[in-house]
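K.L.:
So I've got this file, structure-v5.tsv, and it contains TSV, C-alpha atoms:
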chain	number	residue	atom	x	y	z
Q	24	MET	CA	20.42	10.20	3.49
Q	25	ASN	CA	21.66	9.63	7.09
Q	26	ARG	CA	24.73	7.42	7.51
Q	27	VAL	CA	24.40	4.62	10.05
Q	28	TRP	CA	27.13	3.38	12.37
Q	29	GLN	CA	27.24	-0.18	13.69
Q	30	VAL	CA	28.83	-1.44	16.89
Q	31	SER	CA	29.51	-5.20	17.11
Q	32	ILE	CA	30.73	-7.03	20.21
Q	33	GLU	CA	31.16	-10.74	20.91
Q	34	ALA	CA	30.55	-11.59	24.57
Q	35	PRO	CA	29.99	-14.74	26.63
Q	36	LYS	CA	26.35	-15.79	26.93
Q	37	ASP	CA	26.09	-14.91	30.63
Q	38	ASP	CA	27.59	-11.44	30.16
Q	39	ALA	CA	26.11	-10.28	26.85
Q	40	LEU	CA	23.11	-8.48	28.33
Q	41	LEU	CA	25.31	-6.58	30.77
Q	42	VAL	CA	27.56	-5.48	27.91
Q	43	ALA	CA	24.50	-4.42	25.89
Q	44	ASP	CA	23.16	-2.40	28.83
Q	45	SER	CA	26.51	-0.67	29.28
Q	46	ILE	CA	26.35	1.03	25.86
Q	47	GLU	CA	22.59	1.58	25.65
Q	48	ASP	CA	22.80	5.31	26.38
Q	49	LEU	CA	25.60	5.81	23.81
Q	50	VAL	CA	23.72	4.50	20.74
Q	51	ASP	CA	20.24	4.67	19.21
Q	52	SER	CA	19.43	0.96	19.49
Q	53	VAL	CA	21.09	-2.16	20.85
Q	54	SER	CA	20.25	-5.86	20.95
Q	55	ALA	CA	21.90	-9.18	21.82
Q	56	PHE	CA	21.52	-12.41	19.87
Q	57	GLU	CA	22.58	-15.95	20.58
Q	58	VAL	CA	24.88	-17.62	18.07
Q	59	GLU	CA	23.38	-21.05	17.46
Q	60	GLY	CA	25.52	-23.90	18.80
Q	61	ASN	CA	27.87	-21.49	20.56
Q	62	LEU	CA	28.20	-20.03	24.04
Q	63	THR	CA	29.05	-16.67	22.50
Q	64	TRP	CA	26.42	-13.97	21.95
Q	65	ILE	CA	26.60	-11.06	19.50
Q	66	VAL	CA	25.79	-7.61	20.81
Q	67	THR	CA	24.83	-5.30	17.92
Q	68	ALA	CA	24.11	-1.58	18.22
Q	69	PHE	CA	23.29	1.14	15.70
Q	70	ALA	CA	23.78	4.89	15.83
Q	71	MET	CA	22.49	7.57	13.47
Q	72	HIS	CA	25.55	9.71	14.23
Q	73	CYS	CA	29.23	9.02	14.82
Q	74	PRO	CA	29.31	7.44	18.27
Q	75	ASP	CA	31.84	8.33	20.96
Q	76	HIS	CA	34.37	5.55	20.40
Q	77	THR	CA	36.23	6.17	23.66
Q	78	ALA	CA	33.06	6.21	25.74
Q	79	ILE	CA	31.90	2.91	24.20
Q	80	LEU	CA	35.27	1.21	24.81
Q	81	ASP	CA	35.33	2.46	28.41
Q	82	ALA	CA	31.75	1.30	29.04
Q	83	VAL	CA	32.44	-2.19	27.65
Q	84	ALA	CA	35.67	-2.46	29.67
Q	85	HIS	CA	33.82	-1.44	32.83
Q	86	ALA	CA	31.12	-4.05	32.20
Q	87	ALA	CA	33.78	-6.71	31.61
Q	88	ARG	CA	35.51	-5.90	34.90
Q	89	ALA	CA	32.20	-6.11	36.72
Q	90	SER	CA	31.64	-9.57	35.24
Q	91	GLY	CA	35.18	-10.73	35.84
Q	92	ILE	CA	35.93	-11.38	32.17
Q	93	LYS	CA	38.46	-10.10	29.69
Q	94	ALA	CA	37.27	-7.03	27.85
Q	95	PRO	CA	35.85	-8.18	24.50
Q	96	GLU	CA	36.89	-6.66	21.20
Q	97	VAL	CA	34.64	-3.87	19.95
Q	98	ASP	CA	34.14	-3.18	16.25
Q	99	ILE	CA	32.75	0.24	15.34
Q	100	SER	CA	32.17	0.80	11.64
Q	101	LEU	CA	30.25	3.03	9.26
Q	102	LEU	CA	27.76	1.01	7.24
Q	103	PRO	CA	27.72	1.45	3.45
Q	104	THR	CA	25.00	3.68	2.07
Q	105	ILE	CA	22.17	1.61	0.58
Q	106	ASP	CA	19.20	3.09	-1.20
Q	107	TRP	CA	16.69	0.50	-0.03
Q	108	LEU	CA	13.88	2.05	-2.09
Q	109	ALA	CA	15.93	1.83	-5.29
Q	110	GLN	CA	16.94	-1.72	-4.43
Q	111	ASN	CA	13.30	-2.62	-3.88
Q	112	ARG	CA	12.38	-1.09	-7.23
Q	113	GLN	CA	15.01	-3.17	-9.00
Q	114	SER	CA	13.60	-6.36	-7.48
Q	115	PHE	CA	9.98	-5.42	-8.22
Q	116	PRO	CA	8.78	-8.09	-10.69
Q	117	ALA	CA	6.26	-7.57	-13.48
Q	118	MET	CA	2.93	-9.15	-12.52
Q	119	ARG	CA	0.06	-10.08	-14.79
Q	120	TYR	CA	-3.54	-10.06	-13.57
Q	121	GLY	CA	-5.84	-10.86	-16.46
Q	122	GLN	CA	-5.50	-8.00	-18.97
Q	123	PHE	CA	-3.30	-5.97	-16.62
Q	124	LEU	CA	0.48	-6.04	-16.52
Q	125	VAL	CA	1.75	-4.20	-13.44
Q	126	HIS	CA	5.46	-3.43	-13.55
Q	127	GLY	CA	8.13	-1.10	-12.23
Q	128	SER	CA	10.06	1.43	-14.24
Q	129	LEU	CA	13.06	-0.91	-14.41
Q	130	SER	CA	11.12	-3.97	-15.58
Q	131	GLU	CA	11.45	-5.52	-19.01
Q	132	ARG	CA	9.37	-3.46	-21.45
Q	133	THR	CA	8.98	-6.08	-24.20
Q	134	VAL	CA	5.42	-7.23	-23.58
Q	135	SER	CA	2.32	-8.11	-25.55
Q	136	PRO	CA	0.64	-5.00	-27.00
Q	137	ASN	CA	-2.73	-6.46	-25.99
Q	138	LEU	CA	-1.99	-6.10	-22.28
Q	139	LEU	CA	-3.04	-3.05	-20.25
Q	140	ARG	CA	0.22	-1.81	-18.76
Q	141	ILE	CA	0.40	-0.02	-15.41
Q	142	GLU	CA	3.79	1.30	-14.35
Q	143	VAL	CA	4.20	1.90	-10.62
Q	144	ASP	CA	7.33	1.87	-8.52
Q	145	ALA	CA	7.43	0.70	-4.92
Q	146	GLY	CA	7.27	3.70	-2.65
Q	147	ARG	CA	5.73	5.09	0.50
Q	148	ALA	CA	2.16	4.72	-0.79
Q	149	PHE	CA	0.22	1.46	-0.70
Q	150	GLY	CA	-0.55	-0.28	-3.98
Q	151	SER	CA	2.26	-1.87	-5.98
Q	152	GLY	CA	0.06	-4.74	-7.10
Q	153	THR	CA	1.65	-7.38	-4.89
Q	154	HIS	CA	-1.02	-7.29	-2.15
Q	155	GLY	CA	-4.01	-9.62	-2.32
Q	156	SER	CA	-6.50	-6.78	-1.91
Q	157	THR	CA	-4.97	-4.79	-4.79
Q	158	GLU	CA	-5.02	-7.84	-7.03
Q	159	GLY	CA	-8.64	-8.48	-6.02
Q	160	CYS	CA	-9.63	-4.95	-7.03
Q	161	LEU	CA	-7.81	-5.18	-10.36
Q	162	ARG	CA	-9.59	-8.43	-11.19
Q	163	ALA	CA	-12.93	-6.98	-10.05
Q	164	LEU	CA	-12.49	-3.96	-12.34
Q	165	GLU	CA	-11.61	-6.20	-15.26
Q	166	ARG	CA	-14.72	-8.30	-14.60
Q	167	LEU	CA	-16.91	-5.18	-14.47
Q	168	SER	CA	-15.52	-3.97	-17.79
Q	169	ARG	CA	-17.51	-6.74	-19.52
Q	170	SER	CA	-20.83	-5.17	-18.57
Q	171	CYS	CA	-20.27	-1.70	-17.12
Q	172	VAL	CA	-19.38	1.45	-19.07
Q	173	PRO	CA	-18.79	4.11	-16.41
Q	174	ARG	CA	-18.23	7.80	-17.03
Q	175	ARG	CA	-17.34	8.82	-13.47
Q	176	VAL	CA	-15.24	6.76	-11.03
Q	177	LEU	CA	-14.23	7.53	-7.45
Q	178	ASP	CA	-11.06	5.88	-6.11
Q	179	LEU	CA	-11.38	6.13	-2.33
Q	180	GLY	CA	-8.01	5.66	-0.65
Q	181	CYS	CA	-6.07	5.79	-3.90
Q	182	GLY	CA	-2.64	4.95	-2.44
Q	183	SER	CA	-0.24	4.70	-5.38
Q	184	GLY	CA	-3.04	5.43	-7.86
Q	185	ILE	CA	-2.86	1.94	-9.35
Q	186	LEU	CA	-6.64	1.45	-9.39
Q	187	SER	CA	-7.30	4.89	-10.86
Q	188	ILE	CA	-4.85	4.13	-13.65
Q	189	ALA	CA	-6.46	0.72	-14.15
Q	190	ALA	CA	-9.87	2.39	-14.57
Q	191	VAL	CA	-8.52	4.68	-17.30
Q	192	ARG	CA	-6.84	1.75	-19.02
Q	193	LEU	CA	-10.17	-0.10	-19.15
Q	194	TRP	CA	-12.33	2.95	-19.95
Q	195	PRO	CA	-10.18	5.64	-21.66
Q	196	TRP	CA	-13.02	8.21	-21.64
Q	197	VAL	CA	-13.65	7.97	-17.89
Q	198	SER	CA	-13.15	10.78	-15.36
Q	199	VAL	CA	-11.61	9.60	-12.09
Q	200	LEU	CA	-11.62	11.37	-8.74
Q	201	ALA	CA	-8.76	9.88	-6.67
Q	202	VAL	CA	-8.66	10.76	-2.96
Q	203	ASP	CA	-6.51	9.73	-0.02
Q	204	ILE	CA	-5.97	10.94	3.53
Q	205	ASP	CA	-2.19	10.53	3.17
Q	206	VAL	CA	-0.30	13.39	1.52
Q	207	HIS	CA	2.42	10.97	0.38
Q	208	ALA	CA	-0.20	8.86	-1.39
Q	209	VAL	CA	-1.60	11.91	-3.18
Q	210	LYS	CA	1.90	12.89	-4.32
Q	211	THR	CA	2.63	9.33	-5.49
Q	212	THR	CA	-0.67	9.13	-7.38
Q	213	ARG	CA	0.16	12.38	-9.21
Q	214	GLU	CA	3.61	11.04	-10.14
Q	215	ASN	CA	2.22	7.71	-11.34
Q	216	ALA	CA	-0.57	9.43	-13.28
Q	217	ARG	CA	2.03	11.46	-15.19
Q	218	ARG	CA	4.22	8.41	-15.70
Q	219	ASN	CA	1.28	6.49	-17.19
Q	220	ARG	CA	0.03	9.50	-19.18
Q	221	VAL	CA	-3.42	9.57	-17.58
Q	222	ALA	CA	-3.09	12.81	-15.58
Q	223	ARG	CA	-5.78	14.57	-17.67
Q	224	GLN	CA	-8.40	11.99	-16.67
Q	225	LEU	CA	-7.60	12.17	-12.94
Q	226	THR	CA	-8.60	14.71	-10.32
Q	227	ILE	CA	-6.49	14.04	-7.22
Q	228	ARG	CA	-7.34	15.33	-3.75
Q	229	CYS	CA	-5.99	14.91	-0.20
Q	230	ILE	CA	-9.27	14.17	1.62
Q	231	ALA	CA	-10.38	11.96	4.51
Q	232	GLY	CA	-13.29	9.79	3.37
Q	233	TYR	CA	-15.81	10.78	0.73
Q	234	PRO	CA	-15.34	14.32	-0.63
Q	235	ARG	CA	-18.15	16.77	0.03
Q	236	ALA	CA	-18.18	18.27	-3.44
Q	237	ASP	CA	-16.04	18.62	-6.54
Q	238	ARG	CA	-16.77	20.68	-9.65
Q	239	ARG	CA	-15.96	17.74	-11.94
Q	240	PHE	CA	-18.20	15.40	-9.97
Q	241	ARG	CA	-21.47	17.21	-9.42
Q	242	ARG	CA	-23.36	14.09	-10.47
Q	243	LYS	CA	-23.17	10.70	-8.80
Q	244	CYS	CA	-20.54	8.17	-9.81
Q	245	ASP	CA	-21.08	5.00	-11.76
Q	246	LEU	CA	-18.37	3.22	-9.81
Q	247	VAL	CA	-16.60	3.62	-6.47
Q	248	VAL	CA	-13.55	1.51	-5.67
Q	249	ALA	CA	-12.33	1.55	-2.07
Q	250	ASN	CA	-9.33	-0.54	-1.05
Q	251	ILE	CA	-8.97	0.59	2.55
Q	252	LEU	CA	-9.94	-1.29	5.75
Q	253	ALA	CA	-13.09	-2.98	7.03
Q	254	VAL	CA	-13.96	-0.50	9.81
Q	255	PRO	CA	-13.86	2.68	7.65
Q	256	LEU	CA	-15.70	0.82	4.88
Q	257	ILE	CA	-18.50	0.04	7.32
Q	258	ASP	CA	-18.51	3.57	8.75
Q	259	MET	CA	-18.82	5.10	5.28
Q	260	ALA	CA	-21.52	2.77	3.93
Q	261	SER	CA	-24.20	5.48	4.24
Q	262	ASP	CA	-21.97	7.93	2.31
Q	263	ALA	CA	-21.78	5.48	-0.58
Q	264	VAL	CA	-25.46	6.09	-1.32
Q	265	GLN	CA	-24.73	9.78	-1.81
Q	266	TRP	CA	-22.01	9.02	-4.35
Q	267	VAL	CA	-23.14	5.92	-6.25
Q	268	ARG	CA	-26.09	6.30	-8.59
Q	269	PRO	CA	-28.78	3.61	-8.82
Q	270	GLY	CA	-27.42	0.79	-10.92
Q	271	GLY	CA	-23.84	1.77	-10.07
Q	272	TYR	CA	-21.22	-0.34	-8.35
Q	273	VAL	CA	-18.86	-0.36	-5.40
Q	274	VAL	CA	-15.72	-2.49	-5.29
Q	275	LEU	CA	-14.69	-2.93	-1.66
Q	276	SER	CA	-11.45	-4.44	-0.42
Q	277	GLY	CA	-8.82	-4.17	2.29
Q	278	LEU	CA	-10.96	-6.48	4.43
Q	279	LEU	CA	-10.05	-9.92	5.69
Q	280	VAL	CA	-12.28	-12.85	4.76
Q	281	HIS	CA	-13.74	-13.08	8.27
Q	282	GLN	CA	-14.73	-9.37	8.08
Q	283	GLU	CA	-16.60	-9.81	4.81
Q	284	ARG	CA	-20.05	-10.44	6.27
Q	285	ALA	CA	-19.98	-7.34	8.47
Q	286	VAL	CA	-19.05	-5.12	5.51
Q	287	GLU	CA	-21.67	-6.78	3.33
Q	288	ARG	CA	-24.41	-6.23	5.94
Q	289	ALA	CA	-23.54	-2.53	6.26
Q	290	TYR	CA	-23.95	-1.97	2.51
Q	291	ARG	CA	-27.06	-4.14	2.19
Q	292	ARG	CA	-28.82	-1.80	4.62
Q	293	HIS	CA	-28.33	0.97	2.05
Q	294	GLY	CA	-29.59	-0.91	-0.97
Q	295	PHE	CA	-26.45	-2.64	-2.25
Q	296	VAL	CA	-26.38	-6.32	-3.19
Q	297	VAL	CA	-23.36	-8.56	-3.71
Q	298	GLU	CA	-22.71	-9.37	-7.33
Q	299	HIS	CA	-19.36	-11.09	-6.88
Q	300	ARG	CA	-16.84	-11.92	-4.18
Q	301	ARG	CA	-13.20	-12.96	-4.50
Q	302	HIS	CA	-10.72	-14.25	-1.91
Q	303	ILE	CA	-6.95	-13.86	-2.45
Q	304	GLN	CA	-4.29	-14.53	0.21
Q	305	GLY	CA	-6.87	-14.23	2.98
Q	306	TRP	CA	-8.23	-10.90	1.70
Q	307	SER	CA	-11.75	-10.41	0.39
Q	308	THR	CA	-12.90	-8.19	-2.47
Q	309	LEU	CA	-16.63	-7.50	-2.80
Q	310	THR	CA	-18.32	-6.17	-5.93
Q	311	MET	CA	-21.73	-4.78	-4.98
Q	312	ASN	CA	-24.45	-3.20	-7.09
Q	313	ARG	CA	-26.81	-0.47	-5.92
Q	314	LYS	CA	-30.36	-1.60	-6.59
Q	315	VAL	CA	-32.19	0.32	-9.30
Q	316	LYS	CA	-35.20	2.17	-7.97
Q	317	LEU	CA	-35.40	4.84	-10.66
Q	318	LEU	CA	-35.66	4.75	-14.44
Q	319	ALA	CA	-34.04	2.02	-16.49
Q	320	HIS	CA	-31.64	4.44	-18.24
Q	321	ASP	CA	-29.89	5.02	-14.88
Q	322	VAL	CA	-28.46	1.52	-14.96
Q	323	CYS	CA	-24.73	1.22	-15.68
Q	324	GLN	CA	-24.66	-1.33	-18.50
Kindly return the structure encoded in the file as structure tokens.

P.N.:
Amino acid sequence: MNRVWQVSIEAPKDDALLVADSIEDLVDSVSAFEVEGNLTWIVTAFAMHCPDHTAILDAVAHAARASGIKAPEVDISLLPTIDWLAQNRQSFPAMRYGQFLVHGSLSERTVSPNLLRIEVDAGRAFGSGTHGSTEGCLRALERLSRSCVPRRVLDLGCGSGILSIAAVRLWPWVSVLAVDIDVHAVKTTRENARRNRVARQLTIRCIAGYPRADRRFRRKCDLVVANILAVPLIDMASDAVQWVRPGGYVVLSGLLVHQERAVERAYRRHGFVVEHRRHIQGWSTLTMNRKVKLLAHDVCQ
């Protein structure tokens, strides 16, 4: 982990920007802030390497002479090492959404045995359960579990893998294909799948959009869950027909409430109808069913 150096300088209001400019080329970033109720400003700079102390002192002294003020004191110090990711994990609270309890590895483990536990730690991949779209998808999956018994699920844009794990928690026999364009997300999903002991039910791929083919998914899926963004959801509406069998479902999220109608129209053109919609924190989650045009036994129920 890189160590960070901080440079702090107190300067009069009228001279602070000149002082900040004088050291700009000697550090990685610099800014000046007003101290409320005071004519003094704070100039703060950061460097990812040990800065040239002498050069900084000379530059500040030169700027002070140009402004006709006494050279201000300069504090150059090495900041303590902080593992922000670990700190975030420690502060990650357990969250309950219906049957699901989403928690970090450091959360209290004494919980009701009737809850479906999902352990994910905050990381570089999206999907810790705190976002409105993730919560919307979790609640949509729980609602579908009352009437749908899928065998094949596609998690499009799997992020942390939280929705793939949720699917296995609801339907232990299910096979899940989890895909994401981000290599970090794929790595995180694999880690979380092992942590939650569902790795055998998941096939995880680094793919942009719908996969072209997979040996474990030669037949269409009963359910596709896609928590991405409105524009790619619209662009891939025609692909959904190739992956969702008649009677199957799509759960779509990552779209703002005002984008809901556009996404809905795109999927209606391909034979999907809205079964349920949910709004959380300004985010919309749509559950849509592909109309049955074939035999009754194709229906997911």

K.L.:
Give me the residues within 7 Å of Ala43 of chain Q as a PyMOL selection string, counting all atoms listed in the file and dropping any in the same chain fewer than 4 places off.

P.N.:
chain Q and resi 39+47+53-55+66

K.L.:
Tell me which of Q:Ala84, Q:Leu40, Q:Val254, Q:Ile99 sits closest to Val27 of chain Q, counting all atoms listed in the file.

P.N.:
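That would be Q:Ile99, the residue with the smallest distance to Val27 of chain Q.
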
K.L.:
For His207 of chain Q, which residue among Q:Ser183, Q:Ser170, Q:Thr308, Q:Gln265 is the nearest when counting only C-alpha atoms?

P.N.:
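Looking only at the distances to His207 of chain Q, the closest residue turns out to be Q:Ser183.
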
K.L.:
From the options Q:Gly159, Q:Pro136, Q:Pro234, Q:Pro195, which residue's atoms come nearest to Leu309 of chain Q, counting only C-alpha atoms?

P.N.:
Q:Gly159

K.L.:
Mind pulling up the distance from atom CA of Arg192 of chain Q to atom CA of Val206 of chain Q?

P.N.:
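So the two atoms, atom CA of Val206 of chain Q and atom CA of Arg192 of chain Q, lie 24.5 Å apart.
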
K.L.:
Measure the distance from atom CA of Ser261 of chain Q to atom CA of Leu164 of chain Q in Å and round it to one decimal.

P.N.:
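Computing it gives 22.4 Å between the two atoms.
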
K.L.:
Kindly complete segment 196-207 of chain Q to all heavy atoms; the output should be written as a PDB file, in the coordinates of the input.

P.N.:
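Output file result23.pdb follows:
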ATOM      1  N   TRP Q 196     -12.239   6.968 -21.672  1.00  0.00           N
ATOM      2  CA  TRP Q 196     -13.020   8.210 -21.640  1.00  0.00           C
ATOM      3  C   TRP Q 196     -13.415   8.617 -20.217  1.00  0.00           C
ATOM      4  O   TRP Q 196     -13.988   9.675 -20.004  1.00  0.00           O
ATOM      5  CB  TRP Q 196     -14.309   7.999 -22.443  1.00  0.00           C
ATOM      6  CG  TRP Q 196     -15.097   6.826 -21.916  1.00  0.00           C
ATOM      7  CD1 TRP Q 196     -15.966   6.805 -20.859  1.00  0.00           C
ATOM      8  CD2 TRP Q 196     -15.019   5.483 -22.385  1.00  0.00           C
ATOM      9  NE1 TRP Q 196     -16.444   5.544 -20.650  1.00  0.00           N
ATOM     10  CE2 TRP Q 196     -15.886   4.715 -21.567  1.00  0.00           C
ATOM     11  CE3 TRP Q 196     -14.317   4.852 -23.419  1.00  0.00           C
ATOM     12  CZ2 TRP Q 196     -16.063   3.338 -21.761  1.00  0.00           C
ATOM     13  CZ3 TRP Q 196     -14.502   3.493 -23.603  1.00  0.00           C
ATOM     14  CH2 TRP Q 196     -15.366   2.754 -22.790  1.00  0.00           C
ATOM     15  N   VAL Q 197     -13.117   7.773 -19.236  1.00  0.00           N
ATOM     16  CA  VAL Q 197     -13.650   7.970 -17.890  1.00  0.00           C
ATOM     17  C   VAL Q 197     -12.969   9.154 -17.184  1.00  0.00           C
ATOM     18  O   VAL Q 197     -11.826   9.505 -17.466  1.00  0.00           O
ATOM     19  CB  VAL Q 197     -13.457   6.677 -17.068  1.00  0.00           C
ATOM     20  CG1 VAL Q 197     -12.009   6.535 -16.592  1.00  0.00           C
ATOM     21  CG2 VAL Q 197     -14.413   6.625 -15.882  1.00  0.00           C
ATOM     22  N   SER Q 198     -13.713   9.783 -16.263  1.00  0.00           N
ATOM     23  CA  SER Q 198     -13.150  10.780 -15.360  1.00  0.00           C
ATOM     24  C   SER Q 198     -13.037  10.150 -13.979  1.00  0.00           C
ATOM     25  O   SER Q 198     -14.006   9.574 -13.476  1.00  0.00           O
ATOM     26  CB  SER Q 198     -14.051  12.018 -15.276  1.00  0.00           C
ATOM     27  OG  SER Q 198     -14.056  12.715 -16.506  1.00  0.00           O
ATOM     28  N   VAL Q 199     -11.860  10.238 -13.379  1.00  0.00           N
ATOM     29  CA  VAL Q 199     -11.610   9.600 -12.090  1.00  0.00           C
ATOM     30  C   VAL Q 199     -11.286  10.655 -11.039  1.00  0.00           C
ATOM     31  O   VAL Q 199     -10.454  11.541 -11.271  1.00  0.00           O
ATOM     32  CB  VAL Q 199     -10.439   8.594 -12.185  1.00  0.00           C
ATOM     33  CG1 VAL Q 199     -10.186   7.942 -10.825  1.00  0.00           C
ATOM     34  CG2 VAL Q 199     -10.716   7.533 -13.247  1.00  0.00           C
ATOM     35  N   LEU Q 200     -11.955  10.556  -9.905  1.00  0.00           N
ATOM     36  CA  LEU Q 200     -11.620  11.370  -8.740  1.00  0.00           C
ATOM     37  C   LEU Q 200     -10.884  10.457  -7.761  1.00  0.00           C
ATOM     38  O   LEU Q 200     -11.464   9.498  -7.243  1.00  0.00           O
ATOM     39  CB  LEU Q 200     -12.876  11.947  -8.092  1.00  0.00           C
ATOM     40  CG  LEU Q 200     -12.682  12.746  -6.800  1.00  0.00           C
ATOM     41  CD1 LEU Q 200     -11.732  13.925  -7.020  1.00  0.00           C
ATOM     42  CD2 LEU Q 200     -14.025  13.238  -6.267  1.00  0.00           C
ATOM     43  N   ALA Q 201      -9.593  10.706  -7.552  1.00  0.00           N
ATOM     44  CA  ALA Q 201      -8.760   9.880  -6.670  1.00  0.00           C
ATOM     45  C   ALA Q 201      -8.488  10.658  -5.381  1.00  0.00           C
ATOM     46  O   ALA Q 201      -7.963  11.773  -5.429  1.00  0.00           O
ATOM     47  CB  ALA Q 201      -7.457   9.516  -7.365  1.00  0.00           C
ATOM     48  N   VAL Q 202      -8.841  10.072  -4.237  1.00  0.00           N
ATOM     49  CA  VAL Q 202      -8.660  10.760  -2.960  1.00  0.00           C
ATOM     50  C   VAL Q 202      -7.946   9.845  -1.971  1.00  0.00           C
ATOM     51  O   VAL Q 202      -8.084   8.628  -2.016  1.00  0.00           O
ATOM     52  CB  VAL Q 202     -10.001  11.235  -2.366  1.00  0.00           C
ATOM     53  CG1 VAL Q 202     -10.737  12.139  -3.339  1.00  0.00           C
ATOM     54  CG2 VAL Q 202     -10.889  10.061  -1.968  1.00  0.00           C
ATOM     55  N   ASP Q 203      -7.188  10.475  -1.081  1.00  0.00           N
ATOM     56  CA  ASP Q 203      -6.510   9.730  -0.020  1.00  0.00           C
ATOM     57  C   ASP Q 203      -6.242  10.682   1.134  1.00  0.00           C
ATOM     58  O   ASP Q 203      -6.030  11.886   0.924  1.00  0.00           O
ATOM     59  CB  ASP Q 203      -5.203   9.117  -0.524  1.00  0.00           C
ATOM     60  CG  ASP Q 203      -4.748   7.933   0.324  1.00  0.00           C
ATOM     61  OD1 ASP Q 203      -4.380   8.134   1.495  1.00  0.00           O
ATOM     62  OD2 ASP Q 203      -4.784   6.783  -0.170  1.00  0.00           O
ATOM     63  N   ILE Q 204      -6.225  10.139   2.337  1.00  0.00           N
ATOM     64  CA  ILE Q 204      -5.970  10.940   3.530  1.00  0.00           C
ATOM     65  C   ILE Q 204      -4.481  11.233   3.694  1.00  0.00           C
ATOM     66  O   ILE Q 204      -4.082  12.150   4.398  1.00  0.00           O
ATOM     67  CB  ILE Q 204      -6.517  10.214   4.783  1.00  0.00           C
ATOM     68  CG1 ILE Q 204      -6.547  11.148   5.989  1.00  0.00           C
ATOM     69  CG2 ILE Q 204      -5.715   8.941   5.081  1.00  0.00           C
ATOM     70  CD1 ILE Q 204      -7.217  10.533   7.208  1.00  0.00           C
ATOM     71  N   ASP Q 205      -3.643  10.439   3.022  1.00  0.00           N
ATOM     72  CA  ASP Q 205      -2.190  10.530   3.170  1.00  0.00           C
ATOM     73  C   ASP Q 205      -1.592  11.419   2.080  1.00  0.00           C
ATOM     74  O   ASP Q 205      -1.747  11.150   0.889  1.00  0.00           O
ATOM     75  CB  ASP Q 205      -1.584   9.127   3.096  1.00  0.00           C
ATOM     76  CG  ASP Q 205      -0.071   9.116   3.303  1.00  0.00           C
ATOM     77  OD1 ASP Q 205       0.498  10.183   3.595  1.00  0.00           O
ATOM     78  OD2 ASP Q 205       0.525   8.035   3.174  1.00  0.00           O
ATOM     79  N   VAL Q 206      -0.881  12.456   2.486  1.00  0.00           N
ATOM     80  CA  VAL Q 206      -0.300  13.390   1.520  1.00  0.00           C
ATOM     81  C   VAL Q 206       0.734  12.695   0.636  1.00  0.00           C
ATOM     82  O   VAL Q 206       0.895  13.035  -0.542  1.00  0.00           O
ATOM     83  CB  VAL Q 206       0.324  14.600   2.257  1.00  0.00           C
ATOM     84  CG1 VAL Q 206       1.501  14.190   3.121  1.00  0.00           C
ATOM     85  CG2 VAL Q 206       0.740  15.676   1.264  1.00  0.00           C
ATOM     86  N   HIS Q 207       1.445  11.705   1.188  1.00  0.00           N
ATOM     87  CA  HIS Q 207       2.420  10.970   0.380  1.00  0.00           C
ATOM     88  C   HIS Q 207       1.725  10.170  -0.713  1.00  0.00           C
ATOM     89  O   HIS Q 207       2.240  10.040  -1.831  1.00  0.00           O
ATOM     90  CB  HIS Q 207       3.257  10.044   1.256  1.00  0.00           C
ATOM     91  CG  HIS Q 207       4.091  10.757   2.269  1.00  0.00           C
ATOM     92  ND1 HIS Q 207       5.126  11.607   1.922  1.00  0.00           N
ATOM     93  CD2 HIS Q 207       4.043  10.776   3.632  1.00  0.00           C
ATOM     94  CE1 HIS Q 207       5.678  12.097   3.013  1.00  0.00           C
ATOM     95  NE2 HIS Q 207       5.042  11.610   4.061  1.00  0.00           N
TER      96      HIS Q 207
END
